[in-house]
Amino acid sequence: YNGNWEMDKMNGRGRLEFTSGAVYDGYWKDNKFMGQGTYSWPDGSQLTAEWERTRVNGPGKFTDKDGQNWIGMFSRGYGASLSAEIQ
């Protein structure tokens, strides 16, 4: 983890690289993803969204490994209303 610490917890802006090769770059609150951030998978896909207690919650954009963008609302970690972005 490279970022801000407060009271021995990840807080504020930071970047965490997981052993799987995935990366979260964004805001933290008490060791949880909180606020605006981007989660990237090793295959090149990524999700930029609002996060709440490490779950995506609110507006977001998912880009799959082929470069197709999907936009919409997420709720409690699920993208129930995603639509392909027209380019």
# chains A, B, ... in the order shown; residues from 1 in each chain; ligands from 1

$ residues_around --residues "range 36-53 of chain A" --least-positions-apart "6" --cutoff "12 Å" --atoms "only C-alpha atoms" --output "PyMOL selection string"
chain A and resi 12-30+59-79

$ atom_distance --atom1 "CA of Thr54 in chain A" --atom2 "CA of Glu85 in chain A"
24.9 Å

$ atom_distance --atom1 "CA of Phe33 in chain A" --atom2 "CA of Ala84 in chain A"
25.3 Å

$ select_by_dssp --residues "chain A" --states "strand (DSSP E)" --output "CSV table (one decimal) with C-alpha atoms, in the first residue's frame"
chain,number,residue,atom,x,y,z
A,2,ASN,CA,1.3,3.4,-1.0
A,3,GLY,CA,-0.8,6.3,0.5
A,4,ASN,CA,-2.1,8.0,3.5
A,5,TRP,CA,-2.3,6.4,7.0
A,6,GLU,CA,-4.3,7.6,10.0
A,9,LYS,CA,-5.4,2.4,9.0
A,10,MET,CA,-5.5,3.3,5.3
A,11,ASN,CA,-7.3,6.6,5.1
A,12,GLY,CA,-7.4,9.2,2.3
A,13,ARG,CA,-5.8,8.7,-1.1
A,14,GLY,CA,-3.9,5.5,-1.7
A,15,ARG,CA,-3.0,2.7,-4.0
A,16,LEU,CA,-3.0,-1.0,-3.1
A,17,GLU,CA,-1.5,-3.7,-5.4
A,23,VAL,CA,-4.9,-2.7,-8.2
A,24,TYR,CA,-7.2,-0.3,-6.3
A,25,ASP,CA,-6.3,3.3,-6.7
A,26,GLY,CA,-8.6,5.8,-4.9
A,27,TYR,CA,-9.9,6.9,-1.6
A,28,TRP,CA,-9.9,4.9,1.7
A,29,LYS,CA,-11.7,5.1,5.0
A,32,LYS,CA,-12.1,0.1,3.1
A,33,PHE,CA,-12.6,1.5,-0.4
A,34,MET,CA,-14.6,4.7,0.2
A,35,GLY,CA,-15.4,7.5,-2.3
A,36,GLN,CA,-14.0,7.8,-5.9
A,37,GLY,CA,-11.7,5.0,-7.0
A,38,THR,CA,-10.6,2.7,-9.8
A,39,TYR,CA,-10.2,-1.1,-9.4
A,40,SER,CA,-8.2,-2.7,-12.2
A,46,GLN,CA,-11.3,-1.8,-14.8
A,47,LEU,CA,-14.1,-0.2,-12.9
A,48,THR,CA,-14.1,3.5,-12.0
A,49,ALA,CA,-16.9,4.3,-9.6
A,50,GLU,CA,-18.0,5.5,-6.2
A,51,TRP,CA,-17.3,3.0,-3.4
A,52,GLU,CA,-18.9,2.5,0.0
A,55,ARG,CA,-18.5,-2.2,-2.4
A,56,VAL,CA,-19.2,-0.2,-5.6
A,57,ASN,CA,-22.3,1.9,-4.9
A,58,GLY,CA,-23.5,4.7,-7.2
A,59,PRO,CA,-22.6,5.8,-10.7
A,60,GLY,CA,-19.7,4.0,-12.4
A,61,LYS,CA,-18.0,3.0,-15.6
A,62,PHE,CA,-16.7,-0.5,-16.3
A,63,THR,CA,-14.3,-1.1,-19.2
A,69,ASN,CA,-17.3,0.7,-21.9
A,70,TRP,CA,-20.4,0.0,-19.7
A,71,ILE,CA,-21.9,2.8,-17.7
A,72,GLY,CA,-24.7,3.0,-15.2
A,73,MET,CA,-25.6,2.7,-11.5
A,74,PHE,CA,-24.2,0.2,-9.1
A,83,SER,CA,-25.6,-0.1,-20.6
A,84,ALA,CA,-23.0,-0.2,-23.3
